[in-house]
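Engineer: Structure incoming, see below.
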Amino acid sequence: MLPFEANNGQNPRMGFKLRKKRRFKGVERFAKRMEEVQGKAKAALTKAQQEIRRYMDRKRGEVVEYQVGDLVLLSTKDLK
């Protein structure tokens with residue numbers, strides 16, 4: 001789905017064909033089509049988010065929680 005289609009509900013027109021102006025005809029149809037496009041875009045974003053999360057969590061380990069008073073080793077490699 002192109003961003004233009006998500007914003008406008010249709011693919012961009014190529015060429016210079018003149019269209020007849022319609023007054024308020026098809027407004028409900030346009031609104032319904034925009035809801036469908038919005039639903040498709042939301043589903044695609046959710047799927048992409050899940051794939052990215054799965055990819056990032058592949059090598060992620062357990063989180064170590066430190067308490068006040070715990071001794072830790074620090075690297076002084078870059079300290080001057």
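Here's how to read the names in the structure tokens: chain A, B, ... by the order shown, residue numbers from 1 in each chain, ligand numbers from 1 in the order shown.
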DSSP says helix (DSSP H, G or I) for which residues of chain A? Put them as a ChimeraX atom specification?
Structural biologist: /A:3-8,27-56
Engineer: Save the residues we just selected, C-alpha atoms, as a PDB file, in the first residue's frame?
Structural biologist:
ATOM      1  CA  PRO A   3       1.383   6.259   1.508  1.00  0.00           C
ATOM      2  CA  PHE A   4      -0.636   8.265  -1.022  1.00  0.00           C
ATOM      3  CA  GLU A   5      -3.269   5.535  -1.050  1.00  0.00           C
ATOM      4  CA  ALA A   6      -3.373   5.418   2.755  1.00  0.00           C
ATOM      5  CA  ASN A   7      -3.892   9.194   2.929  1.00  0.00           C
ATOM      6  CA  ASN A   8      -6.271   9.636   0.013  1.00  0.00           C
ATOM      7  CA  VAL A  27     -19.092  10.374   0.779  1.00  0.00           C
ATOM      8  CA  GLU A  28     -20.219   7.315   2.717  1.00  0.00           C
ATOM      9  CA  ARG A  29     -18.424   5.071   0.254  1.00  0.00           C
ATOM     10  CA  PHE A  30     -15.254   7.161   0.650  1.00  0.00           C
ATOM     11  CA  ALA A  31     -15.495   7.025   4.454  1.00  0.00           C
ATOM     12  CA  LYS A  32     -15.968   3.251   4.361  1.00  0.00           C
ATOM     13  CA  ARG A  33     -13.023   2.847   1.998  1.00  0.00           C
ATOM     14  CA  MET A  34     -10.833   5.025   4.244  1.00  0.00           C
ATOM     15  CA  GLU A  35     -11.775   2.863   7.258  1.00  0.00           C
ATOM     16  CA  GLU A  36     -10.752  -0.240   5.296  1.00  0.00           C
ATOM     17  CA  VAL A  37      -7.442   1.354   4.277  1.00  0.00           C
ATOM     18  CA  GLN A  38      -6.832   2.444   7.859  1.00  0.00           C
ATOM     19  CA  GLY A  39      -7.537  -1.099   9.066  1.00  0.00           C
ATOM     20  CA  LYS A  40      -5.127  -2.567   6.520  1.00  0.00           C
ATOM     21  CA  ALA A  41      -2.424  -0.050   7.458  1.00  0.00           C
ATOM     22  CA  LYS A  42      -2.908  -0.756  11.167  1.00  0.00           C
ATOM     23  CA  ALA A  43      -2.679  -4.515  10.567  1.00  0.00           C
ATOM     24  CA  ALA A  44       0.498  -4.075   8.499  1.00  0.00           C
ATOM     25  CA  LEU A  45       2.093  -1.896  11.196  1.00  0.00           C
ATOM     26  CA  THR A  46       1.167  -4.387  13.920  1.00  0.00           C
ATOM     27  CA  LYS A  47       2.668  -7.244  11.918  1.00  0.00           C
ATOM     28  CA  ALA A  48       5.866  -5.270  11.286  1.00  0.00           C
ATOM     29  CA  GLN A  49       6.089  -4.386  14.976  1.00  0.00           C
ATOM     30  CA  GLN A  50       5.790  -8.048  15.962  1.00  0.00           C
ATOM     31  CA  GLU A  51       8.462  -9.085  13.448  1.00  0.00           C
ATOM     32  CA  ILE A  52      10.848  -6.397  14.671  1.00  0.00           C
ATOM     33  CA  ARG A  53      10.223  -7.372  18.300  1.00  0.00           C
ATOM     34  CA  ARG A  54      10.881 -11.054  17.505  1.00  0.00           C
ATOM     35  CA  TYR A  55      14.096 -10.125  15.657  1.00  0.00           C
ATOM     36  CA  MET A  56      15.379  -7.921  18.475  1.00  0.00           C
TER      37      MET A  56
END
